Amino acid sequence: MRFDNPVPVTTIAQLIGAEIVGNVNGNVTGINEIHKVSTGDLVFADHPKYYDKCINSAATFIIINKKMDCPQGKALLIVDDPFEAYLKIVKFYRPFTPSMKNISDTASVGEGTVIMPGAYIGNHVTIGKNCIIHPNVTILDYCIIGDDVFIQAGTVIGSDAFYYNKKTNRDIHYKKMDSCGRVLIENGVEIGANCSVDRGVSHDTIIGAGTKMDNLIHIGHDTVIGKNCLFAGQVGIAGATTIEDNVILWGQVGVSKTLTIGKDAIVYAQSGVKDSIAGGKVYFGSPVEDAREKMKEFVWIKRIPQLWEKVMANK
Amino acid sequence: MRFDNPVPVTTIAQLIGAEIVGNVNGNVTGINEIHKVSTGDLVFADHPKYYDKCINSAATFIIINKKMDCPQGKALLIVDDPFEAYLKIVKFYRPFTPSMKNISDTASVGEGTVIMPGAYIGNHVTIGKNCIIHPNVTILDYCIIGDDVFIQAGTVIGSDAFYYNKKTNRDIHYKKMDSCGRVLIENGVEIGANCSVDRGVSHDTIIGAGTKMDNLIHIGHDTVIGKNCLFAGQVGIAGATTIEDNVILWGQVGVSKTLTIGKDAIVYAQSGVKDSIAGGKVYFGSPVEDAREKMKEFVWIKRIPQLWEKVMANK
Amino acid sequence: MRFDNPVPVTTIAQLIGAEIVGNVNGNVTGINEIHKVSTGDLVFADHPKYYDKCINSAATFIIINKKMDCPQGKALLIVDDPFEAYLKIVKFYRPFTPSMKNISDTASVGEGTVIMPGAYIGNHVTIGKNCIIHPNVTILDYCIIGDDVFIQAGTVIGSDAFYYNKKTNRDIHYKKMDSCGRVLIENGVEIGANCSVDRGVSHDTIIGAGTKMDNLIHIGHDTVIGKNCLFAGQVGIAGATTIEDNVILWGQVGVSKTLTIGKDAIVYAQSGVKDSIAGGKVYFGSPVEDAREKMKEFVWIKRIPQLWEKVMANK
């Protein structure tokens with residue numbers, strides 16, 4: 001998430017009650033995921049295993065629950081509960097202020113674009129030229145839609161991430177990590193009916209130019225999909241995953257979080273991708289394997305009774 | 001389903017043309033599923049294999065197609081077709097009278113709750129405080145939503161049960177069992193985009209406090225979900241199933257009907273649960289097994305070619 | 001797709017810039033899929049492997065990219081790019097002219113039918129008698145709904161086919177095959193919440209009388225479903241497939257394209273049907289096999305460790 005204008009680190013520190021260690025003169029430009037940060041970004045680290053990664057990332061500002069040495073030019077913001085500090089910032093800079101109109105006054109819709117009845121277009125949404133937004137589609141705040149994008153009926157763009165912090169020692173069991181990221185849909189994308197594309201938690205969910213999606217597909221938060229991919233019906237992709245260009249996922253394929261599917265990979269129907277897989281290959285199974293190997297395995301399984309017979313005969 | 005006021009059993013008998021055997025002075029308080037009944041409830045039994053169970057249940061009133069002995073204080077309502085008698089009662093006491101407004105006059109919405117454009121709130125719906133009901137959500141008649149509940153765009157609460165009686169010797173092949181139950185959503189529940197939660201047939205579908213659900217999830221009729229469960233995208237749960245507290249179901253898991261998943265169970269993505277499983281364990285596969293055993297099985301399958309070679313060498 | 005009135009073949013030829021070989025006096029009655037064509041229909045063939053099939057089909061008019069001999073009474077329309085010619089015809093005779101009202105003036109709704117708030121009924125839609133169209137349902141142009149049809153909230157009828165032509169040597173990677181077919185839903189069909197039923201590309205998607213579908217189901221373009229079928233939640237069926245009468249598909253079953261499932265077949269939950277299967281049998285697995293055989297296979301797999309032990313002992 002980018003702030004509308006850079007915010008002095010001292011302002012942020014005051015908002016969250018943090019002590020600043022390091023450079024007190026910087027301006028924070030936005031909040032971001034640790035694997036996507038750049039200069040000016042703010043991240044948070046609430047567990048020792050992330051401390052080094054965060055401090056040594058490209059991020060300039062780190063909300064952290066331990067006083068540590070701070071690299072030159074950066075600033076640590078020391079608080080007891082970095083997660084709660086993050087929520088405070090999001091609630092302050094991206095408060096939930098829903099538009100109560102079908103098309104928000106702050107939304108922008110390009111020439112030649114058709115918005116059909118029952119569609120909801122939220123605050124600060126930008127839709128490009130020559131798009132068709134079918135009936136009962138919901139596009140929530142801050143999402144950006146390119147040109148020549150078709151979104152079929154009932155689809156939801158920009159729903160909140162499914163992302164919770166476990167709070168075992170409190171009244172609340174799971175506490176929602178508020179989403180401040182967006183969904184960016186590039187030119188020429190087509191999305192089927194009754195799909196859902198979650199916004200990023202603090203980064204963006206991106207669907208690359210020319211990608212085509214069938215119906216009832218779920219795309220998780222912060223997932224980045226390349227150009228000219230083809231996803232068949234009921235595919236589900238979890239959060240913060242990377243799908244490179246030209247990937248084809250057939251029906252009901254499930255893809256786990258924070259992994260990468262390489263360029264030109266093809267995954268057959270009902271497969272489950274639980275770890276990263278290389279591009280240029282064909283996969284099948286749950287969990288997936290090389291499709292040809294998997295097919296051979298089916299043949300081997302059919303031979304077990306024959307094997308049993310032989311072993312009994314050998315006895 | 002509870003009647004608005006208790007109904008004399010003689011009134012019910014007259015409505016459905018039943019002969020009463022037993023206590024003619026009782027008042028019927030509601031209709032319920034056989035595994036959920038209590039005193040004052042009405043059930044129906046149309047097959048000999050259910051006769052004893054129904055008559056000896058906690059229910060006070062039994063619609064039945066055979067004259068039998070009636071326990072003290074209870075009443076049997078004898079009819080030719082108990083299923084049709086049930087439909088008559090439901091159609092009379094819960095007639096389909098849809099509200100034609102976006103928010104019904106008989107709905108009640110708590111302080112601080114936001115209902116966004118395109119949402120539909122039916123008759124006698126109660127929504128608690130500080131909820132967010134996103135655009136194009138549908139909440140149908142008699143559903144009860146607690147406090148601090150977030151329902152994301154496009155989700156449907158209170159759709160009718162998928163429950164049909166097979167009528168092989170009639171014009172009609174499958175006849176719908178009308179739903180008169182509700183959906184009860186407890187405090188702090190969060191439901192993703194484009195989900196569907198069916199109402200109970202005669203009991204209620206319940207989602208326990210603090211449970212969080214991702215997008216495109218299907219919850220069947222009369223299913224009871226515990227507190228603080230976590231269901232990832234595209235999970236599907238059939239009817240009349242019990243999911244105890246803290247259960248985690250990962251993406252695309254399918255759960256069959258009328259079974260129980262024990263407390264703290266975790267089921268890995270794409271698994272299929274066809275029978276009850278004990279709590280506190282981790283499961284995988286379709287049908288599910290202990291996840292570690294299932295993983296070992298994958299290793300054993302990979303060894304078949306090696307086994308084949310050994311057997312051939314032994315010959 | 002039927003034209004509103006038959007169109008002289010010379011008019012079509014002029015529209016697409018085609019040279020006519022054969023009978024120049026015919027009238028084109030419609031466009032259709034090659035496996036569904038009848039006299040008066042137009043098809044297109046853009047690859048040598050389809051030339052003979054198209055020319056010798058029941059179709060009277062063939063758009064083709066090679067000059068060939070034409071059977072008596074038929075006409076070939078010779079163009080460089082039959083796919084682009086097809087798009088021109090569809091865009092001309094079925095231009096996208098969305099109704100901007102919730103219920104189009106050209107829609108027709110039968111007596112006793114209830115259309116609830118937020119539902120969208122497009123141009124030239126016909127809905128029969130005593131139907132219930134729940135809130136936020138979308139029924140798009142030209143779809144035909146019979147009598148006594150219930151469509152639950154959020155469902156989309158008539159979304160465009162997921163059908164693209166790969167254009168490797170152009171700017172555009174996948175080019176959409178515009179849909180001009182319809183969805184026909186016969187009497188007594190019931191469809192659950194948040195489903196999607198795609199229209200045919202040029203033929204129709206058909207759901208046979210008395211068929212009942214649960215929630216979150218996806219039905220692909222040009223698929224023909226028989227009478228009295230039962231599909232449980234999250235079933236997905238790809239395009240141009242045939243499901244015969246009385247077929248039961250349990251939850252999360254996936255069915256591939258252009259295949260046939262025979263009458264009375266039952267497919268267990270989470271199975272994957274990738275080729276045609278005979279009627280009257282029970283199936284399980286991904287890909288499916290005879291359910292009993294599949295169950296036996298599970299038992300055989302469990303015996304591998306035992307087999308291993310025996311082989312080691314035999315050594």
# chains A, B, ... in the order shown; residues from 1 in each chain; ligands from 1
call {"tool": "closest_atom_pairs", "arguments": {"of": "chain A", "to": "chain B", "cutoff": "7 Å", "atoms": "only C-alpha atoms", "output": "JSON lines"}}
result
{"residue": "A:Met100", "atom": "CA", "partner": "B:Pro117", "partner_atom": "CA", "distance": 5.9}
{"residue": "A:Lys101", "atom": "CA", "partner": "B:Pro117", "partner_atom": "CA", "distance": 6.5}
{"residue": "A:Asn102", "atom": "CA", "partner": "B:Pro117", "partner_atom": "CA", "distance": 6.2}
{"residue": "A:Gly118", "atom": "CA", "partner": "B:Gly118", "partner_atom": "CA", "distance": 6.4}
{"residue": "A:Tyr120", "atom": "CA", "partner": "B:Pro135", "partner_atom": "CA", "distance": 6.8}
{"residue": "A:Asn136", "atom": "CA", "partner": "B:Asn136", "partner_atom": "CA", "distance": 6.6}
{"residue": "A:Thr138", "atom": "CA", "partner": "B:Pro135", "partner_atom": "CA", "distance": 6.6}
{"residue": "A:Gly154", "atom": "CA", "partner": "B:Gly154", "partner_atom": "CA", "distance": 6.7}
{"residue": "A:Val156", "atom": "CA", "partner": "B:Ala153", "partner_atom": "CA", "distance": 6.4}
{"residue": "A:Ser159", "atom": "CA", "partner": "B:Ala193", "partner_atom": "CA", "distance": 6.6}
{"residue": "A:Phe162", "atom": "CA", "partner": "B:Asp214", "partner_atom": "CA", "distance": 5.7}
{"residue": "A:His173", "atom": "CA", "partner": "B:Asn228", "partner_atom": "CA", "distance": 6.4}
{"residue": "A:Asn194", "atom": "CA", "partner": "B:Asn194", "partner_atom": "CA", "distance": 6.6}
{"residue": "A:Ser196", "atom": "CA", "partner": "B:Ala193", "partner_atom": "CA", "distance": 6.4}
{"residue": "A:His218", "atom": "CA", "partner": "B:Asn215", "partner_atom": "CA", "distance": 6.8}
{"residue": "A:Gly236", "atom": "CA", "partner": "B:Gly233", "partner_atom": "CA", "distance": 7.0}
{"residue": "A:Trp300", "atom": "CA", "partner": "B:Ile304", "partner_atom": "CA", "distance": 6.5}
{"residue": "A:Leu307", "atom": "CA", "partner": "B:Trp308", "partner_atom": "CA", "distance": 6.7}
{"residue": "A:Val311", "atom": "CA", "partner": "B:Val311", "partner_atom": "CA", "distance": 6.7}
{"residue": "A:Asn314", "atom": "CA", "partner": "B:Lys315", "partner_atom": "CA", "distance": 6.8}
call {"tool": "write_last_selection", "arguments": {"atoms": "N, CA and C atoms", "output": "mmCIF file, in the first residue's frame"}}
result
data_model
loop_
_atom_site.group_PDB
_atom_site.id
_atom_site.type_symbol
_atom_site.label_atom_id
_atom_site.label_comp_id
_atom_site.auth_asym_id
_atom_site.auth_seq_id
_atom_site.Cartn_x
_atom_site.Cartn_y
_atom_site.Cartn_z
ATOM 1 N N MET A 100 -21.782 4.083 -0.293
ATOM 2 C CA MET A 100 -23.126 3.524 -0.225
ATOM 3 C C MET A 100 -23.875 3.714 -1.541
ATOM 4 N N LYS A 101 -23.128 4.080 -2.595
ATOM 5 C CA LYS A 101 -23.701 4.166 -3.942
ATOM 6 C C LYS A 101 -23.239 2.980 -4.763
ATOM 7 N N ASN A 102 -23.981 2.652 -5.797
ATOM 8 C CA ASN A 102 -23.568 1.551 -6.657
ATOM 9 C C ASN A 102 -22.250 1.844 -7.369
ATOM 10 N N GLY A 118 -26.695 -3.643 -11.020
ATOM 11 C CA GLY A 118 -26.358 -4.448 -9.847
ATOM 12 C C GLY A 118 -24.867 -4.531 -9.581
ATOM 13 N N TYR A 120 -21.320 -3.207 -8.377
ATOM 14 C CA TYR A 120 -20.889 -2.251 -7.352
ATOM 15 C C TYR A 120 -19.444 -1.862 -7.636
ATOM 16 N N ASN A 136 -24.233 -7.574 -11.161
ATOM 17 C CA ASN A 136 -23.956 -8.114 -9.823
ATOM 18 C C ASN A 136 -22.484 -8.419 -9.569
ATOM 19 N N THR A 138 -18.924 -7.186 -8.070
ATOM 20 C CA THR A 138 -18.516 -6.272 -6.998
ATOM 21 C C THR A 138 -17.028 -5.958 -7.155
ATOM 22 N N GLY A 154 -21.501 -11.672 -11.130
ATOM 23 C CA GLY A 154 -21.370 -12.237 -9.789
ATOM 24 C C GLY A 154 -19.963 -12.280 -9.236
ATOM 25 N N VAL A 156 -16.363 -11.156 -7.660
ATOM 26 C CA VAL A 156 -15.958 -10.196 -6.635
ATOM 27 C C VAL A 156 -14.468 -9.906 -6.783
ATOM 28 N N SER A 159 -12.033 -8.545 -2.512
ATOM 29 C CA SER A 159 -12.446 -9.027 -1.182
ATOM 30 C C SER A 159 -11.202 -9.065 -0.287
ATOM 31 N N PHE A 162 -7.754 -13.639 3.309
ATOM 32 C CA PHE A 162 -8.029 -14.632 4.362
ATOM 33 C C PHE A 162 -6.719 -14.803 5.120
ATOM 34 N N HIS A 173 -9.578 -15.636 19.203
ATOM 35 C CA HIS A 173 -8.749 -16.765 18.801
ATOM 36 C C HIS A 173 -7.936 -16.398 17.554
ATOM 37 N N ASN A 194 -18.932 -15.526 -10.976
ATOM 38 C CA ASN A 194 -18.849 -15.959 -9.573
ATOM 39 C C ASN A 194 -17.446 -16.362 -9.136
ATOM 40 N N SER A 196 -13.724 -15.030 -7.259
ATOM 41 C CA SER A 196 -13.324 -14.065 -6.234
ATOM 42 C C SER A 196 -11.824 -13.844 -6.319
ATOM 43 N N HIS A 218 -11.020 -19.001 -7.412
ATOM 44 C CA HIS A 218 -10.601 -18.226 -6.245
ATOM 45 C C HIS A 218 -9.109 -17.880 -6.355
ATOM 46 N N GLY A 236 -8.401 -22.993 -7.633
ATOM 47 C CA GLY A 236 -8.218 -22.203 -6.420
ATOM 48 C C GLY A 236 -6.743 -21.964 -6.164
ATOM 49 N N TRP A 300 1.688 -49.098 -12.583
ATOM 50 C CA TRP A 300 2.370 -49.923 -11.575
ATOM 51 C C TRP A 300 1.399 -50.393 -10.491
ATOM 52 N N LEU A 307 1.851 -59.004 -8.947
ATOM 53 C CA LEU A 307 3.083 -59.104 -8.174
ATOM 54 C C LEU A 307 2.856 -60.045 -6.987
ATOM 55 N N VAL A 311 4.787 -63.545 -6.109
ATOM 56 C CA VAL A 311 5.495 -63.737 -4.846
ATOM 57 C C VAL A 311 4.988 -64.995 -4.150
ATOM 58 N N ASN A 314 6.416 -68.006 -5.839
ATOM 59 C CA ASN A 314 7.849 -68.166 -5.569
ATOM 60 C C ASN A 314 8.139 -68.807 -4.212
#
call {"tool": "residues_around", "arguments": {"residues": "Ala75 in chain A", "least_positions_apart": "4", "cutoff": "6 Å", "atoms": "only C-alpha atoms", "output": "list in words"}}
result
Val21, Gly22, Asn23 and Phe61 of chain A
call {"tool": "residues_around", "arguments": {"residues": "Asp204 in chain C", "least_positions_apart": "3", "cutoff": "12 Å", "atoms": "only C-alpha atoms", "output": "compact mmCIF listing (two decimals) with C-alpha atoms, in the first residue's frame"}}
result
# COMPACT_ATOMS: atom_id res chain seq x y z
CA MET C 1 -28.00 -19.94 -32.73
CA ARG C 2 -31.07 -19.40 -34.93
CA ILE C 31 -25.04 -21.28 -36.80
CA ASN C 32 -24.28 -24.47 -34.91
CA GLU C 33 -21.66 -26.78 -33.48
CA LYS C 36 -25.28 -30.65 -33.54
CA VAL C 37 -25.85 -29.24 -37.06
CA TYR C 142 -31.80 -15.09 -24.84
CA CYS C 143 -31.88 -17.74 -22.07
CA ILE C 144 -35.08 -19.79 -21.78
CA GLY C 158 -25.92 -17.52 -19.54
CA ASP C 160 -20.13 -16.50 -21.88
CA ALA C 161 -18.32 -19.72 -22.82
CA SER C 179 -20.90 -16.98 -27.63
CA CYS C 180 -24.19 -16.80 -29.52
CA GLY C 181 -25.85 -19.89 -28.01
CA ARG C 182 -28.33 -19.93 -25.17
CA VAL C 183 -29.07 -21.75 -21.93
CA LEU C 184 -32.30 -23.78 -21.95
CA ILE C 185 -33.58 -24.85 -18.56
CA VAL C 197 -24.22 -22.08 -16.26
CA ASP C 198 -22.43 -20.89 -19.41
CA ARG C 199 -24.38 -20.33 -22.63
CA GLY C 200 -23.51 -22.37 -25.70
CA VAL C 201 -20.91 -21.03 -28.12
CA ILE C 207 -30.54 -28.71 -18.38
CA ILE C 219 -21.74 -26.05 -16.05
CA GLY C 220 -19.72 -25.36 -19.21
CA HIS C 221 -20.93 -24.15 -22.63
CA ASP C 222 -22.94 -26.41 -24.95
CA THR C 223 -23.19 -29.11 -22.29
CA VAL C 224 -26.41 -31.13 -22.45
CA ILE C 225 -27.73 -32.55 -19.19
CA GLY C 239 -17.91 -27.70 -22.24
CA ALA C 240 -19.83 -29.71 -24.84
CA THR C 241 -20.29 -32.73 -22.61
CA THR C 242 -23.39 -34.96 -22.52
call {"tool": "select_by_dssp", "arguments": {"residues": "range 33-103 of chain A", "states": "alpha helix (DSSP H)", "output": "number ranges by chain"}}
result
A: 48-55, 82-93
call {"tool": "atom_distance", "arguments": {"atom1": "CA of Phe150 in chain C", "atom2": "CA of Gly272 in chain C"}}
result
27.8 Å
call {"tool": "residues_around", "arguments": {"residues": "Gly30 in chain B", "least_positions_apart": "6", "cutoff": "8 Å", "atoms": "only C-alpha atoms", "output": "MDAnalysis selection string"}}
result
chainID B and resid 1:3 6 40:42
call {"tool": "write_last_selection", "arguments": {"atoms": "N, CA and C atoms", "output": "compact mmCIF listing (two decimals), in the first residue's frame"}}
result
# COMPACT_ATOMS: atom_id res chain seq x y z
N MET B 1 -37.40 -25.98 13.46
CA MET B 1 -38.25 -24.78 13.34
C MET B 1 -39.17 -24.68 14.55
N ARG B 2 -39.18 -23.50 15.18
CA ARG B 2 -40.13 -23.22 16.28
C ARG B 2 -41.35 -22.53 15.68
N PHE B 3 -42.55 -22.93 16.07
CA PHE B 3 -43.72 -22.14 15.73
C PHE B 3 -43.67 -20.83 16.50
N PRO B 6 -46.99 -22.06 20.37
CA PRO B 6 -47.30 -23.50 20.34
C PRO B 6 -48.66 -23.73 19.69
N GLY B 40 -41.93 -31.56 23.07
CA GLY B 40 -42.79 -30.60 22.36
C GLY B 40 -42.59 -30.63 20.86
N ASP B 41 -41.51 -31.28 20.42
CA ASP B 41 -41.19 -31.30 18.98
C ASP B 41 -42.02 -32.34 18.23
N LEU B 42 -42.17 -32.06 16.97
CA LEU B 42 -42.84 -32.94 16.02
C LEU B 42 -41.76 -33.50 15.08
call {"tool": "residues_around", "arguments": {"residues": "Asp141 in chain B", "least_positions_apart": "3", "cutoff": "7 Å", "atoms": "only C-alpha atoms", "output": "list in words"}}
result
Gly122, Asn123, His124 and Val125 of chain B
call {"tool": "select_by_dssp", "arguments": {"residues": "range 135-309 of chain C", "states": "strand (DSSP E or B)", "output": "ChimeraX atom specification"}}
result
/C:138-139,144-145,150-151,156-159,164-166,174-176,182-185,190-191,196-198,204-207,212-213,218-219,224-225,230-231,236-237,242-243,248-249,254-255,260-261,266-267,272-273,277,282-284,289-290
call {"tool": "write_last_selection", "arguments": {"atoms": "C-alpha atoms", "output": "compact mmCIF listing (two decimals), in the first residue's frame"}}
result
# COMPACT_ATOMS: atom_id res chain seq x y z
CA THR C 138 -28.30 -13.02 -13.14
CA ILE C 139 -30.03 -14.43 -16.24
CA ILE C 144 -35.08 -19.79 -21.78
CA ILE C 145 -36.35 -20.98 -18.40
CA PHE C 150 -36.19 -22.47 -8.74
CA ILE C 151 -32.92 -20.61 -9.01
CA VAL C 156 -25.54 -16.82 -13.04
CA ILE C 157 -27.32 -18.28 -16.09
CA GLY C 158 -25.92 -17.52 -19.54
CA SER C 159 -22.37 -16.37 -18.81
CA TYR C 164 -10.51 -19.07 -26.86
CA ASN C 165 -8.56 -19.39 -30.07
CA LYS C 166 -4.81 -19.38 -29.65
CA TYR C 174 -5.95 -15.90 -26.80
CA LYS C 175 -8.88 -14.51 -28.77
CA LYS C 176 -12.35 -15.04 -27.43
CA ARG C 182 -28.33 -19.93 -25.17
CA VAL C 183 -29.07 -21.75 -21.93
CA LEU C 184 -32.30 -23.78 -21.95
CA ILE C 185 -33.58 -24.85 -18.56
CA GLU C 190 -33.81 -26.50 -9.32
CA ILE C 191 -30.43 -24.79 -9.18
CA SER C 196 -22.80 -20.64 -13.05
CA VAL C 197 -24.22 -22.08 -16.26
CA ASP C 198 -22.43 -20.89 -19.41
CA ASP C 204 -27.34 -24.40 -26.51
CA THR C 205 -26.48 -25.48 -23.00
CA ILE C 206 -29.44 -27.58 -21.84
CA ILE C 207 -30.54 -28.71 -18.38
CA LYS C 212 -31.59 -30.74 -9.27
CA MET C 213 -28.31 -28.97 -8.62
CA HIS C 218 -20.19 -24.86 -12.76
CA ILE C 219 -21.74 -26.05 -16.05
CA VAL C 224 -26.41 -31.13 -22.45
CA ILE C 225 -27.73 -32.55 -19.19
CA LEU C 230 -28.72 -34.91 -9.18
CA PHE C 231 -25.49 -32.88 -8.80
CA GLY C 236 -17.80 -28.80 -12.25
CA ILE C 237 -18.62 -29.85 -15.81
CA THR C 242 -23.39 -34.96 -22.52
CA ILE C 243 -24.82 -36.19 -19.23
CA ILE C 248 -25.88 -38.65 -9.93
CA LEU C 249 -22.65 -36.72 -9.37
CA GLY C 254 -15.09 -32.81 -12.07
CA VAL C 255 -16.13 -33.78 -15.60
CA THR C 260 -20.66 -38.68 -22.40
CA ILE C 261 -21.78 -40.02 -19.02
CA ILE C 266 -23.34 -42.61 -10.22
CA VAL C 267 -20.00 -40.88 -9.62
CA GLY C 272 -12.60 -36.89 -12.05
CA VAL C 273 -14.27 -38.05 -15.27
CA ILE C 277 -18.23 -43.68 -19.07
CA VAL C 282 -20.89 -46.63 -10.00
CA TYR C 283 -17.56 -44.86 -10.35
CA PHE C 284 -14.82 -43.45 -8.14
CA GLU C 289 -12.76 -46.32 -12.49
CA ASP C 290 -15.44 -48.78 -11.47
call {"tool": "residues_around", "arguments": {"residues": "Thr39 in chain B", "least_positions_apart": "6", "cutoff": "6 Å", "atoms": "only C-alpha atoms", "output": "MDAnalysis selection string"}}
result
chainID B and resid 58:60
call {"tool": "write_last_selection", "arguments": {"atoms": "C-alpha atoms", "output": "tab-separated table (two decimals), in the first residue's frame"}}
result
chain	number	residue	atom	x	y	z
B	58	ALA	CA	-37.36	-37.02	22.88
B	59	ALA	CA	-40.02	-35.81	20.41
B	60	THR	CA	-43.58	-35.66	21.73
call {"tool": "residues_around", "arguments": {"residues": "Phe83 in chain C", "least_positions_apart": "5", "cutoff": "9 Å", "atoms": "only C-alpha atoms", "output": "ChimeraX atom specification"}}
result
/C:44-46,63,88,165,177
call {"tool": "atom_distance", "arguments": {"atom1": "CA of Val235 in chain A", "atom2": "CA of Val288 in chain B"}}
result
21.3 Å
